[in-house]
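S.K.: Encoded as structure tokens, here's the structure I'll be asking about.
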Amino acid sequence: MLNPETFEKLLLKYSETITCVIFMGGEWSCLEMLILINIVKKFRLKVALYTGLNEKQIQRKYPELLNILDFIKTGKWISSLGGLDKLKTNQILKDLRSGEILNKYFLH
């Protein structure tokens, strides 16, 4: 896991050129992620999570995350269903601030 001090230095270096930090991949510790998310918020950047879990699973296991994230992409990758650019995808990208599903912006 990325330690908070190194993470903050990276954000300081790139904060003028980025608008959002995305956490993705593998298993993660909610407590460690909350620490990093709070650092992101200090820089007034948006924060997103890409997870194979669905929103109900996140709500049940880590309810505090949904209150601090700006965006969440849910749904396990299933190659036969494709990603956000496919109508039949099982993945959902959601703006948690407005509740809007953003998949439509990826369709061709």
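Ordering of the structure tokens sets the chain letters (A, B, ...); residue numbers start at 1 within each chain; ligands are numbered from 1 in the order shown.
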Apply DSSP to the backbone of this structure and, from chain A, keep only the residues in helix (DSSP H, G or I); write these as a JSON list (two decimals) with all heavy atoms, in the first residue's frame.

M.R.:
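To be explicit, this is the file written out as out_6.json:
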```
[["chain", "number", "residue", "atom", "x", "y", "z"],
["A", 4, "PRO", "N", 0.94, 7.27, 3.31],
["A", 4, "PRO", "CA", 0.34, 8.60, 3.22],
["A", 4, "PRO", "C", 1.34, 9.73, 2.90],
["A", 4, "PRO", "O", 1.01, 10.65, 2.16],
["A", 4, "PRO", "CB", -0.29, 8.81, 4.60],
["A", 4, "PRO", "CG", -0.57, 7.43, 5.09],
["A", 4, "PRO", "CD", 0.55, 6.59, 4.56],
["A", 5, "GLU", "N", 2.54, 9.65, 3.44],
["A", 5, "GLU", "CA", 3.52, 10.71, 3.21],
["A", 5, "GLU", "C", 3.93, 10.76, 1.74],
["A", 5, "GLU", "O", 3.98, 11.85, 1.13],
["A", 5, "GLU", "CB", 4.76, 10.50, 4.10],
["A", 5, "GLU", "CG", 4.48, 10.62, 5.58],
["A", 5, "GLU", "CD", 3.82, 9.39, 6.19],
["A", 5, "GLU", "OE1", 3.94, 8.26, 5.65],
["A", 5, "GLU", "OE2", 3.13, 9.55, 7.22],
["A", 6, "THR", "N", 4.23, 9.61, 1.16],
["A", 6, "THR", "CA", 4.60, 9.56, -0.25],
["A", 6, "THR", "C", 3.44, 9.98, -1.13],
["A", 6, "THR", "O", 3.61, 10.72, -2.10],
["A", 6, "THR", "CB", 5.07, 8.13, -0.63],
["A", 6, "THR", "OG1", 6.19, 7.79, 0.19],
["A", 6, "THR", "CG2", 5.46, 8.05, -2.09],
["A", 7, "PHE", "N", 2.25, 9.54, -0.79],
["A", 7, "PHE", "CA", 1.05, 9.89, -1.54],
["A", 7, "PHE", "C", 0.84, 11.41, -1.55],
["A", 7, "PHE", "O", 0.57, 12.02, -2.58],
["A", 7, "PHE", "CB", -0.16, 9.17, -0.95],
["A", 7, "PHE", "CG", -1.43, 9.37, -1.69],
["A", 7, "PHE", "CD1", -1.57, 8.95, -3.01],
["A", 7, "PHE", "CD2", -2.52, 9.97, -1.08],
["A", 7, "PHE", "CE1", -2.76, 9.13, -3.70],
["A", 7, "PHE", "CE2", -3.71, 10.16, -1.75],
["A", 7, "PHE", "CZ", -3.82, 9.73, -3.07],
["A", 8, "GLU", "N", 0.99, 12.03, -0.38],
["A", 8, "GLU", "CA", 0.80, 13.48, -0.29],
["A", 8, "GLU", "C", 1.85, 14.22, -1.12],
["A", 8, "GLU", "O", 1.54, 15.22, -1.78],
["A", 8, "GLU", "CB", 0.85, 13.94, 1.17],
["A", 8, "GLU", "CG", 0.41, 15.36, 1.33],
["A", 8, "GLU", "CD", -0.03, 15.71, 2.74],
["A", 8, "GLU", "OE1", -0.02, 14.84, 3.63],
["A", 8, "GLU", "OE2", -0.39, 16.87, 2.93],
["A", 9, "LYS", "N", 3.08, 13.73, -1.13],
["A", 9, "LYS", "CA", 4.12, 14.35, -1.96],
["A", 9, "LYS", "C", 3.77, 14.26, -3.44],
["A", 9, "LYS", "O", 3.98, 15.20, -4.21],
["A", 9, "LYS", "CB", 5.48, 13.69, -1.69],
["A", 9, "LYS", "CG", 6.08, 14.08, -0.37],
["A", 9, "LYS", "CD", 7.39, 13.36, -0.12],
["A", 9, "LYS", "CE", 7.92, 13.66, 1.26],
["A", 9, "LYS", "NZ", 9.13, 12.89, 1.57],
["A", 10, "LEU", "N", 3.23, 13.11, -3.86],
["A", 10, "LEU", "CA", 2.82, 12.95, -5.26],
["A", 10, "LEU", "C", 1.68, 13.90, -5.62],
["A", 10, "LEU", "O", 1.68, 14.52, -6.69],
["A", 10, "LEU", "CB", 2.40, 11.51, -5.54],
["A", 10, "LEU", "CG", 3.52, 10.49, -5.61],
["A", 10, "LEU", "CD1", 2.95, 9.07, -5.59],
["A", 10, "LEU", "CD2", 4.35, 10.70, -6.87],
["A", 11, "LEU", "N", 0.72, 14.04, -4.72],
["A", 11, "LEU", "CA", -0.39, 14.96, -4.97],
["A", 11, "LEU", "C", 0.10, 16.40, -5.04],
["A", 11, "LEU", "O", -0.36, 17.18, -5.88],
["A", 11, "LEU", "CB", -1.47, 14.81, -3.91],
["A", 11, "LEU", "CG", -2.29, 13.53, -3.97],
["A", 11, "LEU", "CD1", -3.31, 13.50, -2.84],
["A", 11, "LEU", "CD2", -2.96, 13.36, -5.31],
["A", 12, "LEU", "N", 1.01, 16.75, -4.18],
["A", 12, "LEU", "CA", 1.58, 18.10, -4.20],
["A", 12, "LEU", "C", 2.27, 18.36, -5.55],
["A", 12, "LEU", "O", 2.08, 19.42, -6.16],
["A", 12, "LEU", "CB", 2.56, 18.28, -3.05],
["A", 12, "LEU", "CG", 3.16, 19.66, -2.87],
["A", 12, "LEU", "CD1", 2.08, 20.70, -2.63],
["A", 12, "LEU", "CD2", 4.16, 19.66, -1.72],
["A", 13, "LYS", "N", 2.98, 17.38, -6.03],
["A", 13, "LYS", "CA", 3.70, 17.50, -7.30],
["A", 13, "LYS", "C", 2.74, 17.65, -8.48],
["A", 13, "LYS", "O", 2.99, 18.43, -9.40],
["A", 13, "LYS", "CB", 4.60, 16.28, -7.50],
["A", 13, "LYS", "CG", 5.41, 16.31, -8.77],
["A", 13, "LYS", "CD", 6.33, 15.10, -8.85],
["A", 13, "LYS", "CE", 7.14, 15.12, -10.14],
["A", 13, "LYS", "NZ", 8.05, 13.99, -10.21],
["A", 14, "TYR", "N", 1.63, 16.90, -8.48],
["A", 14, "TYR", "CA", 0.75, 16.85, -9.65],
["A", 14, "TYR", "C", -0.59, 17.56, -9.47],
["A", 14, "TYR", "O", -1.40, 17.57, -10.39],
["A", 14, "TYR", "CB", 0.49, 15.39, -10.05],
["A", 14, "TYR", "CG", 1.74, 14.70, -10.53],
["A", 14, "TYR", "CD1", 2.39, 13.76, -9.73],
["A", 14, "TYR", "CD2", 2.28, 14.99, -11.77],
["A", 14, "TYR", "CE1", 3.55, 13.13, -10.17],
["A", 14, "TYR", "CE2", 3.43, 14.37, -12.22],
["A", 14, "TYR", "CZ", 4.06, 13.44, -11.40],
["A", 14, "TYR", "OH", 5.20, 12.82, -11.85],
["A", 30, "CYS", "N", -10.30, -0.54, 3.96],
["A", 30, "CYS", "CA", -11.15, 0.64, 4.00],
["A", 30, "CYS", "C", -10.49, 1.74, 4.83],
["A", 30, "CYS", "O", -10.48, 2.90, 4.42],
["A", 30, "CYS", "CB", -12.52, 0.29, 4.55],
["A", 30, "CYS", "SG", -13.70, 1.65, 4.44],
["A", 31, "LEU", "N", -9.93, 1.42, 5.96],
["A", 31, "LEU", "CA", -9.31, 2.42, 6.83],
["A", 31, "LEU", "C", -8.14, 3.10, 6.11],
["A", 31, "LEU", "O", -8.04, 4.33, 6.11],
["A", 31, "LEU", "CB", -8.84, 1.80, 8.14],
["A", 31, "LEU", "CG", -8.13, 2.75, 9.10],
["A", 31, "LEU", "CD1", -9.03, 3.93, 9.48],
["A", 31, "LEU", "CD2", -7.69, 2.02, 10.35],
["A", 32, "GLU", "N", -7.27, 2.32, 5.47],
["A", 32, "GLU", "CA", -6.15, 2.90, 4.75],
["A", 32, "GLU", "C", -6.63, 3.76, 3.59],
["A", 32, "GLU", "O", -6.09, 4.84, 3.33],
["A", 32, "GLU", "CB", -5.20, 1.80, 4.26],
["A", 32, "GLU", "CG", -4.45, 1.13, 5.38],
["A", 32, "GLU", "CD", -3.66, -0.08, 4.94],
["A", 32, "GLU", "OE1", -3.87, -0.59, 3.82],
["A", 32, "GLU", "OE2", -2.82, -0.53, 5.73],
["A", 33, "MET", "N", -7.66, 3.30, 2.90],
["A", 33, "MET", "CA", -8.20, 4.07, 1.79],
["A", 33, "MET", "C", -8.81, 5.38, 2.28],
["A", 33, "MET", "O", -8.63, 6.43, 1.66],
["A", 33, "MET", "CB", -9.23, 3.29, 0.99],
["A", 33, "MET", "CG", -9.70, 4.05, -0.23],
["A", 33, "MET", "SD", -10.84, 3.13, -1.25],
["A", 33, "MET", "CE", -9.82, 1.78, -1.76],
["A", 34, "LEU", "N", -9.51, 5.36, 3.40],
["A", 34, "LEU", "CA", -10.10, 6.58, 3.95],
["A", 34, "LEU", "C", -9.02, 7.61, 4.30],
["A", 34, "LEU", "O", -9.20, 8.81, 4.09],
["A", 34, "LEU", "CB", -10.96, 6.27, 5.17],
["A", 34, "LEU", "CG", -12.30, 5.60, 4.86],
["A", 34, "LEU", "CD1", -12.96, 5.13, 6.15],
["A", 34, "LEU", "CD2", -13.22, 6.52, 4.09],
["A", 35, "ILE", "N", -7.90, 7.15, 4.81],
["A", 35, "ILE", "CA", -6.78, 8.05, 5.11],
["A", 35, "ILE", "C", -6.30, 8.72, 3.82],
["A", 35, "ILE", "O", -6.12, 9.94, 3.77],
["A", 35, "ILE", "CB", -5.63, 7.28, 5.81],
["A", 35, "ILE", "CG1", -6.06, 6.87, 7.22],
["A", 35, "ILE", "CG2", -4.35, 8.12, 5.84],
["A", 35, "ILE", "CD1", -5.14, 5.87, 7.89],
["A", 36, "LEU", "N", -6.12, 7.93, 2.76],
["A", 36, "LEU", "CA", -5.66, 8.48, 1.49],
["A", 36, "LEU", "C", -6.71, 9.40, 0.86],
["A", 36, "LEU", "O", -6.37, 10.45, 0.30],
["A", 36, "LEU", "CB", -5.27, 7.35, 0.53],
["A", 36, "LEU", "CG", -4.11, 6.47, 0.98],
["A", 36, "LEU", "CD1", -3.84, 5.37, -0.05],
["A", 36, "LEU", "CD2", -2.85, 7.28, 1.26],
["A", 37, "ILE", "N", -7.97, 9.03, 0.95],
["A", 37, "ILE", "CA", -9.04, 9.86, 0.40],
["A", 37, "ILE", "C", -9.07, 11.21, 1.11],
["A", 37, "ILE", "O", -9.24, 12.26, 0.47],
["A", 37, "ILE", "CB", -10.40, 9.15, 0.49],
["A", 37, "ILE", "CG1", -10.45, 7.99, -0.50],
["A", 37, "ILE", "CG2", -11.55, 10.13, 0.23],
["A", 37, "ILE", "CD1", -11.65, 7.08, -0.35],
["A", 38, "ASN", "N", -8.89, 11.22, 2.41],
["A", 38, "ASN", "CA", -8.86, 12.48, 3.14],
["A", 38, "ASN", "C", -7.70, 13.37, 2.69],
["A", 38, "ASN", "O", -7.83, 14.59, 2.66],
["A", 38, "ASN", "CB", -8.85, 12.24, 4.65],
["A", 38, "ASN", "CG", -10.22, 11.87, 5.16],
["A", 38, "ASN", "OD1", -11.22, 12.47, 4.79],
["A", 38, "ASN", "ND2", -10.28, 10.87, 6.01],
["A", 39, "ILE", "N", -6.60, 12.77, 2.33],
["A", 39, "ILE", "CA", -5.47, 13.54, 1.79],
["A", 39, "ILE", "C", -5.86, 14.13, 0.44],
["A", 39, "ILE", "O", -5.61, 15.31, 0.17],
["A", 39, "ILE", "CB", -4.20, 12.66, 1.68],
["A", 39, "ILE", "CG1", -3.72, 12.27, 3.08],
["A", 39, "ILE", "CG2", -3.11, 13.40, 0.91],
["A", 39, "ILE", "CD1", -2.63, 11.22, 3.08],
["A", 40, "VAL", "N", -6.51, 13.34, -0.40],
["A", 40, "VAL", "CA", -6.98, 13.83, -1.70],
["A", 40, "VAL", "C", -7.90, 15.04, -1.50],
["A", 40, "VAL", "O", -7.79, 16.06, -2.18],
["A", 40, "VAL", "CB", -7.72, 12.73, -2.49],
["A", 40, "VAL", "CG1", -8.35, 13.29, -3.76],
["A", 40, "VAL", "CG2", -6.78, 11.58, -2.84],
["A", 41, "LYS", "N", -8.82, 14.93, -0.57],
["A", 41, "LYS", "CA", -9.79, 15.99, -0.31],
["A", 41, "LYS", "C", -9.10, 17.27, 0.17],
["A", 41, "LYS", "O", -9.57, 18.37, -0.10],
["A", 41, "LYS", "CB", -10.84, 15.53, 0.71],
["A", 41, "LYS", "CG", -11.75, 14.43, 0.19],
["A", 41, "LYS", "CD", -12.61, 14.92, -0.95],
["A", 41, "LYS", "CE", -13.60, 13.88, -1.39],
["A", 41, "LYS", "NZ", -14.51, 14.36, -2.40],
["A", 42, "LYS", "N", -7.98, 17.15, 0.90],
["A", 42, "LYS", "CA", -7.22, 18.33, 1.32],
["A", 42, "LYS", "C", -6.77, 19.15, 0.10],
["A", 42, "LYS", "O", -6.65, 20.36, 0.18],
["A", 42, "LYS", "CB", -5.98, 17.93, 2.12],
["A", 42, "LYS", "CG", -6.22, 17.70, 3.56],
["A", 42, "LYS", "CD", -4.98, 17.41, 4.39],
["A", 42, "LYS", "CE", -3.65, 17.61, 3.78],
["A", 42, "LYS", "NZ", -2.52, 17.25, 4.64],
["A", 55, "GLU", "N", -22.64, -1.66, -5.93],
["A", 55, "GLU", "CA", -22.88, -0.57, -4.98],
["A", 55, "GLU", "C", -23.52, -1.07, -3.68],
["A", 55, "GLU", "O", -23.19, -0.59, -2.59],
["A", 55, "GLU", "CB", -23.74, 0.52, -5.61],
["A", 55, "GLU", "CG", -23.76, 1.78, -4.81],
["A", 55, "GLU", "CD", -24.47, 2.93, -5.51],
["A", 55, "GLU", "OE1", -24.61, 2.92, -6.74],
["A", 55, "GLU", "OE2", -24.88, 3.85, -4.78],
["A", 56, "LYS", "N", -24.41, -2.05, -3.76],
["A", 56, "LYS", "CA", -25.05, -2.58, -2.55],
["A", 56, "LYS", "C", -24.02, -3.26, -1.65],
["A", 56, "LYS", "O", -24.08, -3.16, -0.43],
["A", 56, "LYS", "CB", -26.16, -3.56, -2.91],
["A", 56, "LYS", "CG", -27.40, -2.88, -3.43],
["A", 56, "LYS", "CD", -28.49, -3.88, -3.75],
["A", 56, "LYS", "CE", -29.69, -3.16, -4.35],
["A", 56, "LYS", "NZ", -30.75, -4.08, -4.72],
["A", 57, "GLN", "N", -23.06, -3.98, -2.25],
["A", 57, "GLN", "CA", -22.01, -4.62, -1.47],
["A", 57, "GLN", "C", -21.13, -3.58, -0.78],
["A", 57, "GLN", "O", -20.76, -3.75, 0.38],
["A", 57, "GLN", "CB", -21.15, -5.52, -2.36],
["A", 57, "GLN", "CG", -21.88, -6.75, -2.85],
["A", 57, "GLN", "CD", -21.09, -7.49, -3.92],
["A", 57, "GLN", "OE1", -20.57, -6.88, -4.87],
["A", 57, "GLN", "NE2", -21.00, -8.80, -3.78],
["A", 58, "ILE", "N", -20.81, -2.50, -1.48],
["A", 58, "ILE", "CA", -20.02, -1.42, -0.88],
["A", 58, "ILE", "C", -20.80, -0.79, 0.27],
["A", 58, "ILE", "O", -20.26, -0.56, 1.35],
["A", 58, "ILE", "CB", -19.68, -0.34, -1.94],
["A", 58, "ILE", "CG1", -18.72, -0.89, -2.99],
["A", 58, "ILE", "CG2", -19.09, 0.90, -1.28],
["A", 58, "ILE", "CD1", -17.32, -1.13, -2.50],
["A", 59, "GLN", "N", -22.08, -0.52, 0.04],
["A", 59, "GLN", "CA", -22.93, 0.09, 1.07],
["A", 59, "GLN", "C", -22.97, -0.79, 2.33],
["A", 59, "GLN", "O", -22.90, -0.29, 3.44],
["A", 59, "GLN", "CB", -24.34, 0.32, 0.54],
["A", 59, "GLN", "CG", -25.28, 0.96, 1.54],
["A", 59, "GLN", "CD", -24.87, 2.36, 1.95],
["A", 59, "GLN", "OE1", -24.50, 3.16, 1.11],
["A", 59, "GLN", "NE2", -24.92, 2.65, 3.22],
["A", 60, "ARG", "N", -23.05, -2.09, 2.12],
["A", 60, "ARG", "CA", -23.14, -3.02, 3.25],
["A", 60, "ARG", "C", -21.80, -3.13, 3.99],
["A", 60, "ARG", "O", -21.76, -3.11, 5.22],
["A", 60, "ARG", "CB", -23.59, -4.39, 2.73],
["A", 60, "ARG", "CG", -24.04, -5.35, 3.79],
["A", 60, "ARG", "CD", -24.73, -6.60, 3.26],
["A", 60, "ARG", "NE", -24.20, -7.13, 2.01],
["A", 60, "ARG", "CZ", -24.84, -7.09, 0.83],
["A", 60, "ARG", "NH1", -26.03, -6.56, 0.74],
["A", 60, "ARG", "NH2", -24.31, -7.60, -0.25],
["A", 61, "LYS", "N", -20.70, -3.24, 3.24],
["A", 61, "LYS", "CA", -19.40, -3.49, 3.86],
["A", 61, "LYS", "C", -18.67, -2.21, 4.29],
["A", 61, "LYS", "O", -17.98, -2.19, 5.29],
["A", 61, "LYS", "CB", -18.50, -4.25, 2.89],
["A", 61, "LYS", "CG", -18.90, -5.70, 2.67],
["A", 61, "LYS", "CD", -18.02, -6.39, 1.67],
["A", 61, "LYS", "CE", -16.70, -6.77, 2.29],
["A", 61, "LYS", "NZ", -15.87, -7.61, 1.42],
["A", 63, "PRO", "N", -19.96, 1.49, 4.24],
["A", 63, "PRO", "CA", -20.90, 2.59, 3.97],
["A", 63, "PRO", "C", -20.26, 3.97, 4.00],
["A", 63, "PRO", "O", -20.69, 4.88, 3.29],
["A", 63, "PRO", "CB", -21.96, 2.43, 5.06],
["A", 63, "PRO", "CG", -21.31, 1.63, 6.13],
["A", 63, "PRO", "CD", -20.31, 0.75, 5.43],
["A", 64, "GLU", "N", -19.22, 4.14, 4.81],
["A", 64, "GLU", "CA", -18.57, 5.44, 4.91],
["A", 64, "GLU", "C", -17.89, 5.86, 3.60],
["A", 64, "GLU", "O", -17.73, 7.05, 3.33],
["A", 64, "GLU", "CB", -17.56, 5.48, 6.07],
["A", 64, "GLU", "CG", -16.43, 4.48, 5.97],
["A", 64, "GLU", "CD", -16.75, 3.07, 6.48],
["A", 64, "GLU", "OE1", -17.91, 2.68, 6.57],
["A", 64, "GLU", "OE2", -15.80, 2.35, 6.76],
["A", 65, "LEU", "N", -17.53, 4.89, 2.77],
["A", 65, "LEU", "CA", -16.89, 5.22, 1.49],
["A", 65, "LEU", "C", -17.83, 5.97, 0.55],
["A", 65, "LEU", "O", -17.42, 6.92, -0.11],
["A", 65, "LEU", "CB", -16.40, 3.95, 0.78],
["A", 65, "LEU", "CG", -15.04, 3.43, 1.18],
["A", 65, "LEU", "CD1", -14.73, 2.16, 0.40],
["A", 65, "LEU", "CD2", -13.96, 4.46, 1.00],
["A", 66, "LEU", "N", -19.07, 5.55, 0.48],
["A", 66, "LEU", "CA", -20.00, 6.17, -0.45],
["A", 66, "LEU", "C", -20.29, 7.63, -0.09],
["A", 66, "LEU", "O", -20.69, 8.41, -0.94],
["A", 66, "LEU", "CB", -21.30, 5.37, -0.53],
["A", 66, "LEU", "CG", -21.14, 3.97, -1.13],
["A", 66, "LEU", "CD1", -22.48, 3.24, -1.11],
["A", 66, "LEU", "CD2", -20.57, 4.01, -2.53],
["A", 67, "ASN", "N", -20.05, 7.99, 1.16],
["A", 67, "ASN", "CA", -20.28, 9.37, 1.58],
["A", 67, "ASN", "C", -19.12, 10.30, 1.27],
["A", 67, "ASN", "O", -19.27, 11.51, 1.33],
["A", 67, "ASN", "CB", -20.58, 9.41, 3.08],
["A", 67, "ASN", "CG", -21.86, 8.71, 3.42],
["A", 67, "ASN", "OD1", -22.82, 8.74, 2.66],
["A", 67, "ASN", "ND2", -21.89, 8.06, 4.57],
["A", 68, "ILE", "N", -17.96, 9.74, 0.96],
["A", 68, "ILE", "CA", -16.77, 10.57, 0.75],
["A", 68, "ILE", "C", -16.28, 10.54, -0.70],
["A", 68, "ILE", "O", -15.58, 11.43, -1.16],
["A", 68, "ILE", "CB", -15.65, 10.17, 1.74],
["A", 68, "ILE", "CG1", -14.57, 11.24, 1.80],
["A", 68, "ILE", "CG2", -15.09, 8.81, 1.44],
["A", 68, "ILE", "CD1", -13.60, 11.08, 2.95],
["A", 103, "ASN", "N", -22.48, 6.04, -17.80],
["A", 103, "ASN", "CA", -22.12, 5.11, -18.88],
["A", 103, "ASN", "C", -22.37, 5.69, -20.26],
["A", 103, "ASN", "O", -21.61, 5.44, -21.20],
["A", 103, "ASN", "CB", -22.89, 3.80, -18.73],
["A", 103, "ASN", "CG", -22.47, 2.98, -17.54],
["A", 103, "ASN", "OD1", -22.16, 3.51, -16.48],
["A", 103, "ASN", "ND2", -22.47, 1.67, -17.69],
["A", 104, "LYS", "N", -23.43, 6.46, -20.43],
["A", 104, "LYS", "CA", -23.81, 6.98, -21.74],
["A", 104, "LYS", "C", -22.70, 7.80, -22.39],
["A", 104, "LYS", "O", -22.63, 7.88, -23.61],
["A", 104, "LYS", "CB", -25.07, 7.83, -21.61],
["A", 104, "LYS", "CG", -24.91, 9.07, -20.74],
["A", 104, "LYS", "CD", -26.23, 9.77, -20.50],
["A", 104, "LYS", "CE", -26.05, 10.90, -19.50],
["A", 104, "LYS", "NZ", -27.33, 11.39, -19.03],
["A", 105, "TYR", "N", -21.82, 8.37, -21.61],
["A", 105, "TYR", "CA", -20.74, 9.19, -22.15],
["A", 105, "TYR", "C", -19.63, 8.36, -22.79],
["A", 105, "TYR", "O", -18.76, 8.91, -23.47],
["A", 105, "TYR", "CB", -20.16, 10.09, -21.07],
["A", 105, "TYR", "CG", -21.18, 11.08, -20.54],
["A", 105, "TYR", "CD1", -21.71, 10.94, -19.27],
["A", 105, "TYR", "CD2", -21.62, 12.13, -21.34],
["A", 105, "TYR", "CE1", -22.67, 11.83, -18.79],
["A", 105, "TYR", "CE2", -22.57, 13.03, -20.87],
["A", 105, "TYR", "CZ", -23.07, 12.87, -19.61],
["A", 105, "TYR", "OH", -24.02, 13.76, -19.14],
["A", 106, "PHE", "N", -19.67, 7.04, -22.62],
["A", 106, "PHE", "CA", -18.65, 6.17, -23.17],
["A", 106, "PHE", "C", -19.12, 5.39, -24.40],
["A", 106, "PHE", "O", -18.33, 4.72, -25.05],
["A", 106, "PHE", "CB", -18.16, 5.18, -22.09],
["A", 106, "PHE", "CG", -17.48, 5.89, -20.96],
["A", 106, "PHE", "CD1", -18.22, 6.36, -19.88],
["A", 106, "PHE", "CD2", -16.12, 6.11, -20.99],
["A", 106, "PHE", "CE1", -17.60, 7.03, -18.84],
["A", 106, "PHE", "CE2", -15.49, 6.78, -19.95],
["A", 106, "PHE", "CZ", -16.24, 7.25, -18.87]]
```

S.K.: For Gly75 of chain A, please output as a list in words all residues within 12 Å (counting only C-alpha atoms; exclusion window: fewer than 3 positions along the same chain).

M.R.: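 Contacts, with the query itself left out: Leu49, Tyr50, Thr51, Gly52, Leu53, Asn54, Glu55, Lys56, Gln57, Ile58, Ile72, Ile78, Ser79, Leu81, Gly82, Gly83, Leu84, Thr89, Asn90, Gln91, Ile92, Leu93 and Lys94 of chain A.
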
S.K.: What would the file look like if the residues just selected were written as an mmCIF file, in the first residue's frame with C-alpha atoms?

M.R.:
```cif
data_model
loop_
_atom_site.group_PDB
_atom_site.id
_atom_site.type_symbol
_atom_site.label_atom_id
_atom_site.label_comp_id
_atom_site.auth_asym_id
_atom_site.auth_seq_id
_atom_site.Cartn_x
_atom_site.Cartn_y
_atom_site.Cartn_z
ATOM 1 C CA LEU A 49 -13.128 4.049 -6.733
ATOM 2 C CA TYR A 50 -13.131 1.281 -9.334
ATOM 3 C CA THR A 51 -14.212 -1.997 -7.765
ATOM 4 C CA GLY A 52 -15.542 -5.369 -8.839
ATOM 5 C CA LEU A 53 -18.110 -5.127 -6.066
ATOM 6 C CA ASN A 54 -21.541 -3.659 -6.732
ATOM 7 C CA GLU A 55 -22.882 -0.573 -4.976
ATOM 8 C CA LYS A 56 -25.046 -2.585 -2.549
ATOM 9 C CA GLN A 57 -22.008 -4.621 -1.470
ATOM 10 C CA ILE A 58 -20.023 -1.419 -0.883
ATOM 11 C CA ILE A 72 -17.693 4.934 -8.261
ATOM 12 C CA ILE A 78 -16.564 -9.806 -17.698
ATOM 13 C CA SER A 79 -14.971 -9.741 -21.140
ATOM 14 C CA LEU A 81 -20.055 -8.098 -21.603
ATOM 15 C CA GLY A 82 -17.389 -5.490 -22.282
ATOM 16 C CA GLY A 83 -16.679 -2.212 -20.535
ATOM 17 C CA LEU A 84 -18.436 1.115 -20.292
ATOM 18 C CA THR A 89 -21.889 -4.187 -19.845
ATOM 19 C CA ASN A 90 -22.466 -5.103 -16.215
ATOM 20 C CA GLN A 91 -20.253 -2.204 -15.130
ATOM 21 C CA ILE A 92 -21.681 1.100 -13.925
ATOM 22 C CA LEU A 93 -19.948 4.458 -13.527
ATOM 23 C CA LYS A 94 -21.920 6.680 -11.166
#
```

S.K.: Within 12 Å of Ser98 of chain A, counting only C-alpha atoms, which residues show up once you throw out same-chain ones fewer than 3 positions away? Write them as a PyMOL selection string, please.

M.R.: chain A and resi 69-72+94-95+101-102

S.K.: For N, CA and C atoms, I'd like the residues from the last selection saved as an mmCIF file, in the first residue's frame.

M.R.:
```cif
data_model
loop_
_atom_site.group_PDB
_atom_site.id
_atom_site.type_symbol
_atom_site.label_atom_id
_atom_site.label_comp_id
_atom_site.auth_asym_id
_atom_site.auth_seq_id
_atom_site.Cartn_x
_atom_site.Cartn_y
_atom_site.Cartn_z
ATOM 1 N N LEU A 69 -16.688 9.496 -1.468
ATOM 2 C CA LEU A 69 -16.298 9.401 -2.874
ATOM 3 C C LEU A 69 -17.132 10.340 -3.740
ATOM 4 N N ASP A 70 -16.550 10.779 -4.854
ATOM 5 C CA ASP A 70 -17.292 11.554 -5.848
ATOM 6 C C ASP A 70 -17.873 10.644 -6.925
ATOM 7 N N PHE A 71 -17.100 9.641 -7.318
ATOM 8 C CA PHE A 71 -17.510 8.714 -8.372
ATOM 9 C C PHE A 71 -17.200 7.287 -7.948
ATOM 10 N N ILE A 72 -17.985 6.345 -8.483
ATOM 11 C CA ILE A 72 -17.693 4.934 -8.261
ATOM 12 C C ILE A 72 -17.989 4.171 -9.549
ATOM 13 N N LYS A 94 -20.892 5.825 -11.773
ATOM 14 C CA LYS A 94 -21.920 6.680 -11.166
ATOM 15 C C LYS A 94 -21.288 7.889 -10.493
ATOM 16 N N ASP A 95 -21.899 9.039 -10.720
ATOM 17 C CA ASP A 95 -21.553 10.254 -10.006
ATOM 18 C C ASP A 95 -22.319 10.193 -8.686
ATOM 19 N N ILE A 101 -25.932 8.135 -13.630
ATOM 20 C CA ILE A 101 -25.158 7.052 -14.228
ATOM 21 C C ILE A 101 -24.468 7.644 -15.455
ATOM 22 N N LEU A 102 -23.153 7.484 -15.557
ATOM 23 C CA LEU A 102 -22.363 8.155 -16.581
ATOM 24 C C LEU A 102 -21.993 7.274 -17.766
#
```

S.K.: Would you please extract all strand (DSSP E) residues from chain A, as assigned by DSSP on the backbone, and give them as a PyMOL selection string?

M.R.: chain A and resi 20-24+46-50+71-74+92-95

S.K.: Mind pulling up the distance from atom CA of Lys73 of chain A to atom CA of Met24 of chain A?

M.R.: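 Pair atom CA of Met24 of chain A / atom CA of Lys73 of chain A returns 9.4 Å.
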
S.K.: Do you have the atom CA of Ala48 of chain A-atom CA of Leu96 of chain A distance handy?

M.R.: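 Result for atom CA of Ala48 of chain A versus atom CA of Leu96 of chain A: 9.4 Å, one decimal.
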
S.K.: Any idea what's packed within 9 Å of Ser15 of chain A, counting only C-alpha atoms, ignoring anything in its chain fewer than 5 positions away? Could you give it as a ChimeraX atom specification?

M.R.: /A:10,43-45

S.K.: Grab the residues selected above and save them as a tab-separated table (two decimals), in the first residue's frame with N, CA and C atoms.

M.R.:
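Listing of out_15.tsv after writing:
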```tsv
chain	number	residue	atom	x	y	z
A	10	LEU	N	3.23	13.11	-3.86
A	10	LEU	CA	2.82	12.95	-5.26
A	10	LEU	C	1.68	13.90	-5.62
A	43	PHE	N	-6.52	18.45	-1.01
A	43	PHE	CA	-6.08	19.11	-2.24
A	43	PHE	C	-7.26	19.55	-3.11
A	44	ARG	N	-8.46	19.35	-2.61
A	44	ARG	CA	-9.70	19.73	-3.31
A	44	ARG	C	-9.82	19.06	-4.68
A	45	LEU	N	-9.36	17.82	-4.72
A	45	LEU	CA	-9.49	16.99	-5.92
A	45	LEU	C	-10.67	16.05	-5.75
```

S.K.: For a test of reading the model, state the distance in Å between atom CA of Ser29 of chain A and atom CA of Tyr62 of chain A, rounded to one decimal.

M.R.: 9.9 Å

S.K.: For Lys46 of chain A, work out the shell of residues within 7 Å, counting only C-alpha atoms and skipping chain neighbours fewer than 6 positions away, then give it as an NGL selection string.

M.R.: :A and (19-21 or 70)
